[in-house]
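Colleague: Got a structure for you, target_14.cif, holding mmCIF, C-alpha atoms.
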```cif
data_model
#
loop_
_atom_site.label_atom_id
_atom_site.label_comp_id
_atom_site.auth_asym_id
_atom_site.auth_seq_id
_atom_site.Cartn_x
_atom_site.Cartn_y
_atom_site.Cartn_z
CA MET A 970 -26.46 1.58 3.35
CA ILE A 971 -26.95 5.06 1.90
CA SER A 972 -26.72 5.75 -1.83
CA THR A 973 -25.79 9.41 -2.12
CA GLU A 974 -25.14 10.24 -5.77
CA THR A 975 -25.02 8.72 -9.24
CA THR A 976 -22.74 10.06 -11.98
CA VAL A 977 -22.68 9.04 -15.64
CA LEU A 978 -19.46 9.31 -17.65
CA PRO A 979 -18.98 8.09 -21.24
CA GLY A 980 -19.38 4.32 -20.98
CA LEU A 981 -19.48 4.32 -17.18
CA THR A 982 -22.02 4.74 -14.39
CA LEU A 983 -20.72 5.55 -10.91
CA ARG A 984 -22.82 5.25 -7.75
CA ASP A 985 -21.70 6.43 -4.32
CA LEU A 986 -22.43 4.19 -1.33
CA LEU A 987 -21.95 4.87 2.39
CA PHE A 988 -22.09 2.28 5.16
CA ASP A 989 -22.20 2.82 8.93
CA LEU A 990 -20.04 0.10 10.48
CA PRO A 991 -18.65 -0.70 13.94
CA LEU A 992 -15.23 0.72 14.72
CA ASP A 993 -14.50 -2.59 16.46
CA HIS A 994 -16.46 -5.53 15.05
CA ALA A 995 -15.95 -7.38 18.34
CA ARG A 996 -18.04 -4.63 19.95
CA PRO A 997 -20.85 -3.94 17.46
CA GLU A 998 -22.70 -1.87 20.06
CA GLY A 999 -19.73 0.54 20.34
CA PRO A 1000 -18.67 3.56 18.27
CA THR A 1001 -19.20 3.49 14.51
CA ILE A 1002 -17.35 4.76 11.47
CA GLN A 1003 -18.41 5.35 7.89
CA VAL A 1004 -17.01 3.32 5.01
CA TYR A 1005 -17.39 4.61 1.48
CA ALA A 1006 -17.52 2.62 -1.75
CA ARG A 1007 -18.01 3.56 -5.38
CA ALA A 1008 -19.95 1.13 -7.58
CA LEU A 1009 -19.06 1.05 -11.29
CA ASP A 1010 -21.15 -0.45 -14.07
CA VAL A 1011 -21.71 -0.20 -17.80
CA PRO A 1012 -24.71 2.05 -18.56
CA GLU A 1013 -27.86 0.15 -19.45
CA ARG A 1014 -26.27 -3.26 -19.01
CA GLU A 1015 -28.90 -5.82 -20.03
CA HIS A 1016 -28.10 -8.31 -17.27
CA GLU A 1017 -27.09 -8.13 -13.64
CA ALA A 1018 -23.36 -8.84 -13.63
CA PRO A 1019 -21.57 -10.35 -10.61
CA TRP A 1020 -19.47 -8.12 -8.37
CA LEU A 1021 -15.70 -7.65 -8.41
CA VAL A 1022 -14.40 -5.87 -5.31
CA PHE A 1023 -11.09 -4.03 -5.65
CA LEU A 1024 -8.91 -3.88 -2.53
CA GLN A 1025 -6.13 -1.39 -3.15
CA GLY A 1026 -2.56 -1.24 -1.95
CA GLY A 1027 -1.45 0.50 1.20
CA PRO A 1028 -2.34 0.50 3.97
CA GLY A 1029 -3.70 4.01 4.11
CA PHE A 1030 -4.62 4.85 0.52
CA GLY A 1031 -8.05 5.35 -1.01
CA ALA A 1032 -9.31 3.41 -4.01
CA PRO A 1033 -8.74 4.71 -7.57
CA ARG A 1034 -10.81 7.65 -8.76
CA PRO A 1035 -11.82 6.70 -12.31
CA SER A 1036 -12.18 9.40 -14.94
CA GLY A 1037 -13.22 7.00 -17.69
CA VAL A 1038 -13.11 3.40 -18.85
CA SER A 1039 -9.51 2.28 -19.16
CA GLY A 1040 -6.88 -0.08 -17.76
CA TRP A 1041 -7.92 -2.97 -15.57
CA ILE A 1042 -11.34 -1.37 -14.96
CA LYS A 1043 -12.10 -1.60 -18.69
CA ARG A 1044 -11.30 -5.32 -18.66
CA ALA A 1045 -13.21 -5.95 -15.43
CA LEU A 1046 -16.41 -4.31 -16.69
CA ARG A 1047 -16.67 -6.83 -19.49
CA ASP A 1048 -17.65 -9.45 -16.91
CA TYR A 1049 -18.39 -7.66 -13.64
CA ARG A 1050 -19.78 -4.73 -11.81
CA VAL A 1051 -16.88 -3.21 -9.87
CA LEU A 1052 -16.89 -1.99 -6.27
CA LEU A 1053 -14.05 0.40 -5.40
CA LEU A 1054 -13.82 0.32 -1.60
CA ASP A 1055 -12.12 3.10 0.33
CA GLN A 1056 -10.75 0.88 3.06
CA ARG A 1057 -11.53 2.19 6.54
CA GLY A 1058 -9.45 5.24 7.40
CA THR A 1059 -8.84 6.19 3.76
CA GLY A 1060 -10.42 8.37 1.09
CA ARG A 1061 -14.04 9.24 1.88
CA SER A 1062 -14.30 6.61 4.60
CA THR A 1063 -13.90 8.05 8.11
CA PRO A 1064 -10.31 9.24 7.60
CA ILE A 1065 -7.21 9.07 9.70
CA SER A 1066 -5.71 12.56 9.74
CA VAL A 1067 -4.34 15.06 12.23
CA GLU A 1068 -7.72 16.78 12.25
CA SER A 1069 -9.88 13.66 12.61
CA VAL A 1070 -8.03 12.34 15.68
CA ARG A 1071 -7.35 15.67 17.36
CA HIS A 1072 -9.63 14.69 20.25
CA LEU A 1073 -7.17 11.85 21.04
CA GLU A 1074 -3.96 13.81 20.47
CA HIS A 1075 -3.09 13.97 24.17
CA ASP A 1076 -4.04 10.36 24.96
CA ALA A 1077 -1.44 8.21 23.20
CA ALA A 1078 -2.84 4.94 24.56
CA ALA A 1079 -6.37 5.68 23.34
CA LEU A 1080 -5.07 6.84 19.95
CA ALA A 1081 -2.98 3.68 19.53
CA ASP A 1082 -6.00 1.53 20.42
CA TYR A 1083 -8.08 3.44 17.87
CA LEU A 1084 -5.48 3.03 15.11
CA ALA A 1085 -5.17 -0.69 15.85
CA CYS A 1086 -8.74 -1.04 14.56
CA PHE A 1087 -7.68 -0.25 10.98
CA ARG A 1088 -5.77 -3.39 9.95
CA ALA A 1089 -6.65 -6.08 7.40
CA ASP A 1090 -8.78 -8.06 9.85
CA ALA A 1091 -11.12 -5.10 10.31
CA ILE A 1092 -11.16 -4.34 6.57
CA VAL A 1093 -12.30 -7.89 5.81
CA ALA A 1094 -14.96 -7.71 8.51
CA ASP A 1095 -16.18 -4.48 6.86
CA CYS A 1096 -16.36 -6.25 3.50
CA GLU A 1097 -18.51 -9.04 4.87
CA VAL A 1098 -21.03 -6.63 6.38
CA ILE A 1099 -21.11 -4.64 3.14
CA ARG A 1100 -21.56 -7.82 1.07
CA ARG A 1101 -24.58 -8.89 3.06
CA ARG A 1102 -26.15 -5.43 2.93
CA LEU A 1103 -25.51 -5.06 -0.79
CA ILE A 1104 -26.18 -8.53 -2.23
CA GLY A 1105 -27.36 -10.71 0.66
CA GLU A 1106 -25.83 -14.18 0.72
CA ARG A 1107 -24.55 -14.09 -2.85
CA ARG A 1108 -20.78 -14.25 -3.29
CA TRP A 1109 -18.41 -11.84 -4.95
CA THR A 1110 -14.89 -11.90 -6.37
CA LEU A 1111 -11.93 -10.02 -4.93
CA LEU A 1112 -9.09 -8.30 -6.77
CA GLY A 1113 -6.36 -7.54 -4.24
CA GLN A 1114 -3.46 -5.32 -5.28
CA SER A 1115 -0.38 -5.39 -2.99
CA TYR A 1116 -1.74 -4.80 0.54
CA GLY A 1117 -5.15 -5.57 -0.93
CA GLY A 1118 -3.78 -9.06 -1.56
CA PHE A 1119 -2.91 -9.30 2.13
CA CYS A 1120 -6.55 -8.50 2.86
CA THR A 1121 -7.61 -11.12 0.31
CA ALA A 1122 -5.54 -13.79 2.06
CA ARG A 1123 -7.23 -12.79 5.30
CA TYR A 1124 -10.62 -13.10 3.57
CA LEU A 1125 -9.80 -16.62 2.34
CA SER A 1126 -8.75 -17.49 5.90
CA VAL A 1127 -11.85 -16.36 7.78
CA ALA A 1128 -14.74 -15.84 5.34
CA PRO A 1129 -14.30 -18.00 2.22
CA HIS A 1130 -18.08 -18.50 2.16
CA GLY A 1131 -18.37 -14.94 0.87
CA LEU A 1132 -16.13 -15.47 -2.17
CA ARG A 1133 -16.66 -16.87 -5.64
CA GLY A 1134 -13.08 -16.02 -6.63
CA ALA A 1135 -9.88 -14.38 -5.37
CA ILE A 1136 -7.24 -12.62 -7.48
CA PHE A 1137 -3.87 -11.45 -6.16
CA THR A 1138 -1.64 -8.94 -7.97
CA GLY A 1139 1.71 -8.57 -6.23
CA GLY A 1140 0.08 -9.25 -2.88
CA LEU A 1141 0.67 -12.75 -1.54
CA PRO A 1142 1.68 -12.06 2.07
CA PRO A 1143 4.12 -14.03 4.21
CA LEU A 1144 1.80 -16.09 6.39
CA SER A 1145 3.87 -16.36 9.55
CA LEU A 1146 7.19 -14.55 9.15
CA HIS A 1147 8.24 -11.79 11.54
CA ALA A 1148 8.60 -8.27 10.18
CA ASP A 1149 12.39 -8.61 10.64
CA ASP A 1150 12.47 -11.33 7.99
CA VAL A 1151 10.40 -9.19 5.65
CA TYR A 1152 12.70 -6.18 5.95
CA ARG A 1153 15.86 -8.20 5.48
CA ALA A 1154 14.45 -9.35 2.17
CA THR A 1155 13.16 -5.96 1.08
CA TYR A 1156 16.43 -4.17 1.94
CA ARG A 1157 18.16 -6.59 -0.42
CA ARG A 1158 15.55 -5.84 -3.07
CA ALA A 1159 16.11 -2.11 -2.56
CA LEU A 1160 19.85 -2.56 -3.11
CA GLU A 1161 19.15 -4.37 -6.37
CA GLN A 1162 16.82 -1.58 -7.51
CA ASN A 1163 19.52 0.99 -6.71
CA ARG A 1164 21.93 -0.97 -8.89
CA ARG A 1165 19.39 -0.99 -11.72
CA TYR A 1166 18.72 2.71 -11.31
CA TYR A 1167 22.35 3.77 -11.60
CA ALA A 1168 22.91 1.34 -14.47
CA ARG A 1169 20.11 3.13 -16.35
CA TYR A 1170 21.24 6.63 -15.33
CA PRO A 1171 25.01 6.48 -14.62
CA GLY A 1172 25.21 10.27 -14.70
CA ASP A 1173 23.02 10.33 -11.59
CA ILE A 1174 25.84 8.84 -9.50
CA THR A 1175 27.39 12.31 -9.45
CA ARG A 1176 24.17 14.30 -9.82
CA VAL A 1177 22.46 12.66 -6.83
CA ARG A 1178 25.56 12.73 -4.63
CA GLU A 1179 26.03 16.46 -5.21
CA VAL A 1180 22.52 17.11 -3.88
CA PHE A 1181 23.08 14.87 -0.86
CA GLU A 1182 26.41 16.57 -0.06
CA HIS A 1183 24.71 19.97 -0.30
CA VAL A 1184 21.90 18.91 2.03
CA ALA A 1185 24.27 17.27 4.55
CA ALA A 1186 26.25 20.50 4.85
CA ARG A 1187 23.13 22.61 5.48
CA PRO A 1188 21.04 21.24 8.38
CA GLU A 1189 19.05 24.49 8.35
CA LEU A 1190 17.41 23.58 5.01
CA ARG A 1191 13.62 23.40 5.15
CA LEU A 1192 11.00 22.00 2.81
CA PRO A 1193 8.02 24.14 1.75
CA GLU A 1194 5.80 22.43 4.35
CA GLY A 1195 8.25 23.44 7.08
CA GLY A 1196 10.03 20.21 7.92
CA PRO A 1197 13.79 19.72 7.68
CA LEU A 1198 15.47 18.23 4.63
CA SER A 1199 18.09 15.66 5.60
CA PRO A 1200 20.06 12.99 3.72
CA ARG A 1201 18.11 10.18 5.38
CA LYS A 1202 14.87 11.89 4.38
CA LEU A 1203 16.07 12.24 0.77
CA GLN A 1204 16.90 8.54 0.76
CA GLN A 1205 13.20 7.80 1.21
CA LEU A 1206 12.69 8.59 -2.47
CA GLY A 1207 13.68 4.94 -2.92
CA LEU A 1208 10.08 4.12 -2.06
CA LEU A 1209 9.41 4.84 -5.75
CA LEU A 1210 12.04 2.52 -7.21
CA GLY A 1211 9.77 -0.51 -7.40
CA PHE A 1212 7.09 1.13 -9.56
CA HIS A 1213 7.04 1.04 -13.34
CA ASP A 1214 7.77 4.77 -13.57
CA GLY A 1215 9.74 5.18 -10.34
CA HIS A 1216 13.24 5.33 -11.82
CA GLU A 1217 12.17 8.08 -14.19
CA THR A 1218 10.37 10.04 -11.47
CA ILE A 1219 13.54 10.17 -9.38
CA HIS A 1220 15.81 10.90 -12.33
CA TYR A 1221 13.76 13.84 -13.61
CA LEU A 1222 13.43 15.21 -10.09
CA PHE A 1223 17.21 15.41 -9.71
CA GLU A 1224 17.58 16.84 -13.21
CA ASP A 1225 15.79 19.95 -11.93
CA ALA A 1226 17.48 20.05 -8.53
CA TRP A 1227 19.31 23.36 -8.89
CA VAL A 1228 18.36 26.97 -9.45
CA PRO A 1229 20.01 27.70 -12.83
CA GLY A 1230 23.48 29.13 -12.40
CA ARG A 1231 23.46 28.82 -8.59
CA ARG A 1232 24.19 26.15 -6.00
CA GLU A 1233 20.74 26.48 -4.47
CA LEU A 1234 18.07 23.79 -4.49
CA SER A 1235 15.12 24.84 -6.59
CA TYR A 1236 11.59 25.18 -5.27
CA LYS A 1237 10.50 22.80 -8.02
CA PHE A 1238 12.83 20.13 -6.60
CA LEU A 1239 11.78 20.71 -2.99
CA ARG A 1240 8.09 20.72 -3.83
CA GLY A 1241 8.52 17.71 -6.12
CA PHE A 1242 10.19 15.78 -3.32
CA GLU A 1243 7.26 16.43 -1.01
CA HIS A 1244 4.75 15.53 -3.70
CA ALA A 1245 6.51 12.23 -4.48
CA LEU A 1246 6.13 10.79 -0.97
CA PRO A 1247 2.86 10.06 0.86
CA PHE A 1248 3.89 10.19 4.50
CA ASP A 1249 2.30 13.47 5.56
CA THR A 1250 -0.85 13.12 3.43
CA ASN A 1251 -1.52 9.45 4.29
CA PRO A 1252 -0.47 9.01 7.94
CA LEU A 1253 -2.20 5.62 8.25
CA TYR A 1254 0.38 4.21 5.82
CA THR A 1255 3.21 5.32 8.11
CA LEU A 1256 1.47 4.25 11.30
CA LEU A 1257 0.39 0.75 10.29
CA HIS A 1258 2.92 -0.32 7.68
CA GLU A 1259 4.94 -2.52 10.06
CA ALA A 1260 1.75 -3.67 11.78
CA CYS A 1261 0.73 -5.29 8.48
CA TYR A 1262 3.19 -8.05 9.37
CA ALA A 1263 2.49 -8.20 13.12
CA GLN A 1264 0.94 -11.41 14.42
CA GLY A 1265 1.37 -12.07 18.10
CA SER A 1266 4.59 -10.14 18.68
CA ALA A 1267 5.68 -6.51 18.52
CA THR A 1268 7.61 -5.13 15.54
CA ARG A 1269 9.76 -2.80 17.68
CA TRP A 1270 10.66 -0.55 14.72
CA SER A 1271 11.81 -3.48 12.65
CA ALA A 1272 12.98 -1.49 9.61
CA GLU A 1273 15.14 0.76 11.80
CA ARG A 1274 16.77 -2.16 13.58
CA ILE A 1275 17.36 -4.25 10.46
CA ARG A 1276 18.83 -1.29 8.58
CA ALA A 1277 21.91 -1.62 10.79
CA GLU A 1278 22.61 -4.95 9.04
CA PHE A 1279 22.93 -3.11 5.71
CA PRO A 1280 25.69 -0.48 6.00
CA ALA A 1281 25.44 0.24 2.26
CA PHE A 1282 22.48 2.49 3.08
CA THR A 1283 24.61 4.74 5.29
CA PHE A 1284 25.28 8.03 3.54
CA THR A 1285 28.90 9.12 4.01
CA PRO A 1286 29.97 12.52 2.64
CA GLY A 1287 33.02 12.51 0.40
CA GLU A 1288 32.56 9.07 -1.15
CA THR A 1289 32.31 8.53 -4.91
CA GLU A 1290 29.79 5.70 -5.11
CA GLY A 1291 26.11 6.24 -5.82
CA VAL A 1292 24.04 7.09 -2.77
CA ARG A 1293 21.68 4.23 -1.94
CA PHE A 1294 18.03 5.10 -1.58
CA THR A 1295 16.01 3.10 0.93
CA GLY A 1296 12.70 1.44 0.09
CA GLU A 1297 9.33 0.80 1.69
CA MET A 1298 10.50 1.29 5.25
CA ILE A 1299 9.17 3.34 8.16
CA TYR A 1300 11.51 4.85 10.78
CA PRO A 1301 10.82 6.40 14.20
CA TRP A 1302 12.60 9.66 13.32
CA MET A 1303 9.98 10.29 10.62
CA PHE A 1304 7.55 11.32 13.35
CA GLN A 1305 9.76 14.36 13.98
CA GLU A 1306 11.06 15.22 10.52
CA TRP A 1307 7.61 15.09 8.84
CA PRO A 1308 5.67 17.80 10.75
CA ARG A 1309 2.22 16.37 10.00
CA LEU A 1310 3.26 13.12 11.67
CA ARG A 1311 4.37 14.69 14.95
CA PRO A 1312 0.95 14.48 16.66
CA PHE A 1313 1.08 10.71 16.11
CA ALA A 1314 4.58 10.17 17.55
CA ALA A 1315 3.61 8.84 20.99
CA ALA A 1316 0.92 6.57 19.56
CA ALA A 1317 3.40 5.27 16.95
CA GLU A 1318 5.78 4.28 19.75
CA ARG A 1319 2.97 2.36 21.43
CA LEU A 1320 2.05 0.60 18.19
CA ALA A 1321 5.68 -0.44 17.63
CA ALA A 1322 5.83 -1.86 21.16
CA ARG A 1323 2.39 -3.47 20.98
CA GLY A 1324 2.35 -7.23 21.44
CA GLY A 1325 -0.53 -9.64 21.10
CA TRP A 1326 -1.64 -8.56 17.63
CA PRO A 1327 -4.33 -10.97 16.38
CA THR A 1328 -3.33 -13.68 13.92
CA LEU A 1329 -4.29 -12.63 10.39
CA TYR A 1330 -4.08 -15.87 8.40
CA ASP A 1331 -5.24 -19.43 8.95
CA PRO A 1332 -2.82 -21.83 7.19
CA GLN A 1333 -5.12 -24.79 7.85
CA GLN A 1334 -8.08 -23.09 6.19
CA LEU A 1335 -5.89 -22.00 3.27
CA ALA A 1336 -4.63 -25.58 2.87
CA ARG A 1337 -8.21 -26.76 2.31
CA ASN A 1338 -9.27 -23.75 0.26
CA GLU A 1339 -12.04 -24.36 -2.29
CA VAL A 1340 -12.38 -20.81 -3.65
CA PRO A 1341 -10.96 -20.46 -7.18
CA ALA A 1342 -7.88 -18.26 -6.91
CA ALA A 1343 -5.18 -16.84 -9.17
CA ALA A 1344 -2.10 -14.72 -8.53
CA VAL A 1345 0.63 -12.92 -10.42
CA ILE A 1346 4.04 -12.98 -8.76
CA TYR A 1347 6.47 -10.38 -10.05
CA GLU A 1348 10.03 -11.65 -10.24
CA HIS A 1349 11.60 -8.28 -9.37
CA ASP A 1350 8.98 -7.11 -6.87
CA MET A 1351 10.66 -4.66 -4.49
CA TYR A 1352 7.85 -4.59 -1.96
CA VAL A 1353 6.62 -8.18 -1.67
CA GLU A 1354 9.47 -10.68 -1.67
CA ARG A 1355 9.06 -13.23 -4.45
CA ARG A 1356 10.32 -16.18 -2.36
CA PHE A 1357 7.76 -15.48 0.34
CA SER A 1358 5.00 -15.13 -2.27
CA GLU A 1359 5.93 -18.49 -3.76
CA GLN A 1360 5.79 -20.11 -0.33
CA THR A 1361 2.34 -18.64 0.31
CA ALA A 1362 1.13 -19.68 -3.14
CA GLY A 1363 2.09 -23.24 -2.30
CA ALA A 1364 0.13 -23.02 0.94
CA ILE A 1365 -3.19 -22.00 -0.69
CA ARG A 1366 -4.93 -25.03 -2.14
CA GLY A 1367 -5.85 -24.65 -5.80
CA LEU A 1368 -4.16 -21.27 -6.30
CA LYS A 1369 -2.94 -20.83 -9.88
CA THR A 1370 0.10 -18.60 -10.35
CA TRP A 1371 1.67 -16.63 -13.15
CA GLU A 1372 5.26 -15.57 -12.53
CA THR A 1373 6.66 -12.85 -14.73
CA ALA A 1374 9.67 -10.56 -15.01
CA ARG A 1375 7.93 -8.35 -17.55
CA TYR A 1376 6.13 -6.15 -15.03
CA PRO A 1377 7.10 -4.61 -11.68
CA HIS A 1378 4.94 -4.45 -8.58
CA SER A 1379 2.67 -1.87 -10.25
CA GLY A 1380 1.88 -4.11 -13.23
CA LEU A 1381 -1.87 -3.72 -12.68
CA ARG A 1382 -1.51 0.04 -13.06
CA ALA A 1383 1.00 -0.13 -15.91
CA ALA A 1384 -0.76 -2.77 -18.05
CA GLY A 1385 -4.08 -3.41 -16.35
CA GLU A 1386 -6.01 -4.94 -19.23
CA VAL A 1387 -3.25 -7.44 -19.95
CA VAL A 1388 -2.56 -8.38 -16.32
CA LEU A 1389 -6.18 -8.75 -15.24
CA GLY A 1390 -7.09 -10.53 -18.48
CA ARG A 1391 -4.40 -13.14 -17.91
CA LEU A 1392 -5.46 -13.64 -14.29
CA LEU A 1393 -9.12 -14.04 -15.19
CA GLU A 1394 -8.12 -16.74 -17.68
CA LEU A 1395 -6.27 -18.52 -14.89
CA LEU A 1396 -9.14 -18.04 -12.45
CA HIS A 1397 -11.68 -19.63 -14.79
CA ALA A 1398 -9.44 -22.33 -16.26
CA ARG A 1399 -10.54 -25.82 -15.37
#
```
Hey, can you dump this file as C-alpha cells for me?
Modeller:
Amino acid sequence: MISTETTVLPGLTLRDLLFDLPLDHARPEGPTIQVYARALDVPEREHEAPWLVFLQGGPGFGAPRPSGVSGWIKRALRDYRVLLLDQRGTGRSTPISVESVRHLEHDAAALADYLACFRADAIVADCEVIRRRLIGERRWTLLGQSYGGFCTARYLSVAPHGLRGAIFTGGLPPLSLHADDVYRATYRRALEQNRRYYARYPGDITRVREVFEHVAARPELRLPEGGPLSPRKLQQLGLLLGFHDGHETIHYLFEDAWVPGRRELSYKFLRGFEHALPFDTNPLYTLLHEACYAQGSATRWSAERIRAEFPAFTFTPGETEGVRFTGEMIYPWMFQEWPRLRPFAAAAERLAARGGWPTLYDPQQLARNEVPAAAVIYEHDMYVERRFSEQTAGAIRGLKTWETARYPHSGLRAAGEVVLGRLLELLHAR
C-alpha cells in the first residue's frame, strides 16, 4: 500500500491510497494492476472509527469525488471512516480506455480475456486484499449502490468473514436468472418510465418526434465527436429516465434542440446529448454490462435479441405517438456508431459469445448468512427489477428491507442522509 497525498477540506480529511494487486487473483504471480482508494475521515477525530467501504454503481465508473461534507457521506462520517474505492478499471485505478489497451487492440482474444478480469468477483477479491493490508483481520461494512450491491452480494457469498455489515441501495442482484430474463423486465420498466415522462411533459410528444424525424431523414448528421447521429442512438437517452433528475435532463435537452429560427439541430443539443451518455468515456460499462448477469452461459447480445419482443421501441417515421426511449441496454451496433468504442468491437463480440463465466453468488452461503444486512428496494426502479430484488432479499438470511416508492434508483444521490440514515437504523436494529 502506498499513501500518496493527504488533503484537508472544511470538515473533511482525504487520504489517497494505491495498491498493487494481481490482474488475475487465481494467478497472483502474474501481471499486476493498481487499484486506487480515497480514505475520508473527520479531522482530529478523537477515536478510531470503523470503516465503511462504498462500492459504486456501474460497472465502469469511478467512486464519487467529494468536494465537501454532504449527502450520504455526511451521515456516514458520524459513525465511520469512509473508503471510496475506484473499482478496478475505473477512475485512478489502472483504467480501461482506448489508450490503456492499445497494445491488445489487434488481439481480440487477449483483449477479451483481459476485460473478463474486471467483473464483481475480481472486485471483491481486490477488497479482501485491501482490507487485510489496511486493517488486518478486522472487519468492515459495505455500502453497495446499484452494481456495488451486486458486488456486495458476491462478498457475502465468498468472504463474509471480512464483513461486520452489508448495506444495499438499489442493488440486490438476481442470483441465478439469465440476462434474457433481466432485460425482459427492464424493457417493461423502460416502457413505464416513458409513459411517466410523456405524462409529465405532454408537449414533448411532438417536440421529441420532430427531432427524431429530422435525424431519420439525414443519415449524414454527425455529432461533435465524429460519430453518426441516428434515431436508435437518440433513443439511448432513455438510460437517464430512471434517475431522480433524468426526466428533466431529457426535457431541457430537447427544449434547446433547434438553432433559433432554423430547422437545424443546435450545437448545444448535440454536445448535450454526448455529455449525457457515458459510453465513449466509460467503455468498461459498455463492455461488461451484460456480463454482470453472466454465470455459466453466454449472453449473446441479450438486450439486442430481447428488444425484438418489444416492438413499441421501434421508431417509425410518420406516427403520432411519443417515441419510446430505451433504457440500460447495450447493443452490438454501438461499437460502430460510438467511435471510441470501435477498437473494442471484436473483443466485445467475444465477450458476448463467452461461455463458462464463473458463478458469482452462493445461494447456500446466503441462506445461512450471519452478517447484519439491510437493503432499500425502490418500487419503481428502472434498472434493478423490484420482483427480482424481493426474491434475493428473501434468499439472504437476516436481511432487513425497506421498500419505498418515494425515491428512484438514485435515492442515495438524491437524499443520501435520509436513505443511509434509515438503512443504518435497520442494520443496527435488534
Colleague: Quick one: apply the PyMOL selection byres ((chain A and resi 1164) around 12) to the file and drop the selected residues here as number ranges by chain.
Modeller: A: 1157-1163, 1165-1171, 1173-1174, 1207, 1210, 1216, 1281, 1290-1294
Colleague: Take the residues that were just selected and, keeping C-alpha atoms, output them as a compact mmCIF listing (two decimals), keeping the file's coordinate frame.
Modeller:
```txt
# COMPACT_ATOMS: atom_id res chain seq x y z
CA ARG A 1157 18.16 -6.59 -0.42
CA ARG A 1158 15.55 -5.84 -3.07
CA ALA A 1159 16.11 -2.11 -2.56
CA LEU A 1160 19.85 -2.56 -3.11
CA GLU A 1161 19.15 -4.37 -6.37
CA GLN A 1162 16.82 -1.58 -7.51
CA ASN A 1163 19.52 0.99 -6.71
CA ARG A 1165 19.39 -0.99 -11.72
CA TYR A 1166 18.72 2.71 -11.31
CA TYR A 1167 22.35 3.77 -11.60
CA ALA A 1168 22.91 1.34 -14.47
CA ARG A 1169 20.11 3.13 -16.35
CA TYR A 1170 21.24 6.63 -15.33
CA PRO A 1171 25.01 6.48 -14.62
CA ASP A 1173 23.02 10.33 -11.59
CA ILE A 1174 25.84 8.84 -9.50
CA GLY A 1207 13.68 4.94 -2.92
CA LEU A 1210 12.04 2.52 -7.21
CA HIS A 1216 13.24 5.33 -11.82
CA ALA A 1281 25.44 0.24 2.26
CA GLU A 1290 29.79 5.70 -5.11
CA GLY A 1291 26.11 6.24 -5.82
CA VAL A 1292 24.04 7.09 -2.77
CA ARG A 1293 21.68 4.23 -1.94
CA PHE A 1294 18.03 5.10 -1.58
```
Colleague: Excluding Ile1275 in chain A and its own-chain neighbours fewer than 6 positions away, which residues fall within 9 Å of it when counting all atoms listed in the file? Please give them as a short mmCIF file (atom, residue, chain, number, x, y, z; two decimals) with C-alpha atoms, in the coordinates of the input.
Modeller:
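The resulting file, out_27.cif, is reproduced below:
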```
data_model
loop_
_atom_site.label_atom_id
_atom_site.label_comp_id
_atom_site.auth_asym_id
_atom_site.auth_seq_id
_atom_site.Cartn_x
_atom_site.Cartn_y
_atom_site.Cartn_z
CA ASP A 1149 12.39 -8.61 10.64
CA ASP A 1150 12.47 -11.33 7.99
CA TYR A 1152 12.70 -6.18 5.95
CA ARG A 1153 15.86 -8.20 5.48
CA TYR A 1156 16.43 -4.17 1.94
#
```
Colleague: Between A:Thr1283, A:Thr1361, A:Gln1056, A:Thr1110, which has the minimum distance to Asp1095 in chain A (counting only C-alpha atoms)?
Modeller: A:Gln1056
Colleague: Using only C-alpha atoms, pick whichever of A:Val1022, A:Tyr1376, A:Val1340, A:Gln1264 has the shortest atom-to-atom distance to Ala1128 in chain A.
Modeller: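 Checking each candidate against Ala1128 in chain A, we get A:Val1340 as the closest.
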Colleague: Go ahead and fit an axis-aligned box to every listed atom of range 1015-1025 of chain A plus 3 Å each side, and pass me the centre and edge lengths in Å, one decimal, as AutoDock Vina command-line options.
Modeller:
```
--center_x -17.5 --center_y -5.9 --center_z -11.3 --size_x 28.8 --size_y 15.0 --size_z 23.5
```
Colleague: To one decimal place, how far is CA of Thr1175 in chain A from CA of Arg1231 in chain A in Å?
Modeller: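 Between these atoms lies a distance of 17.0 Å.
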Colleague: As an exercise, work out the distance from CA of Ala1316 in chain A to CA of Arg1269 in chain A in Å and give it to one decimal place.
Modeller: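 Going from CA of Ala1316 in chain A over to CA of Arg1269 in chain A covers 13.0 Å.
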Colleague: May I have the residues within 8 Å of Phe1357 in chain A as a PDB file with C-alpha atoms, keeping the file's coordinate frame, using all atoms listed in the file and disregarding those fewer than 6 positions away in the same chain?
Modeller:
```pdb
ATOM      1  CA  LEU A1141       0.670 -12.750  -1.540  1.00  0.00           C
ATOM      2  CA  PRO A1142       1.680 -12.060   2.070  1.00  0.00           C
ATOM      3  CA  PRO A1143       4.120 -14.030   4.210  1.00  0.00           C
TER       4      PRO A1143
END
```
Colleague: For the PyMOL selection byres ((chain A and resi 1013) around 10), applied here, can you spell out every residue it catches as a count of residues only?
Modeller: 9
Colleague: Check which residues satisfy the PyMOL selection byres ((chain A and resi 1326) around 12) in the file shown, then give them as a list of chain:residue names.
Modeller: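 So the PyMOL selection byres ((chain A and resi 1326) around 12), applied here, picks out A:Asp1082, A:Ala1085, A:Cys1086, A:Arg1088, A:Ala1089, A:Asp1090, A:Glu1259, A:Ala1260, A:Cys1261, A:Tyr1262, A:Ala1263, A:Gln1264, A:Gly1265, A:Ser1266, A:Ala1267, A:Thr1268, A:Leu1320, A:Ala1321, A:Ala1322, A:Arg1323, A:Gly1324, A:Gly1325, A:Pro1327, A:Thr1328, A:Leu1329.
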Colleague: Check the smallest atom-to-atom distance from each of A:Val1038, A:Gly1060, A:Pro1332, A:Arg1108 to Asn1251 in chain A using only C-alpha atoms, then report the winner.
Modeller: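 With only C-alpha atoms as the atom set, the closest residue is A:Gly1060.
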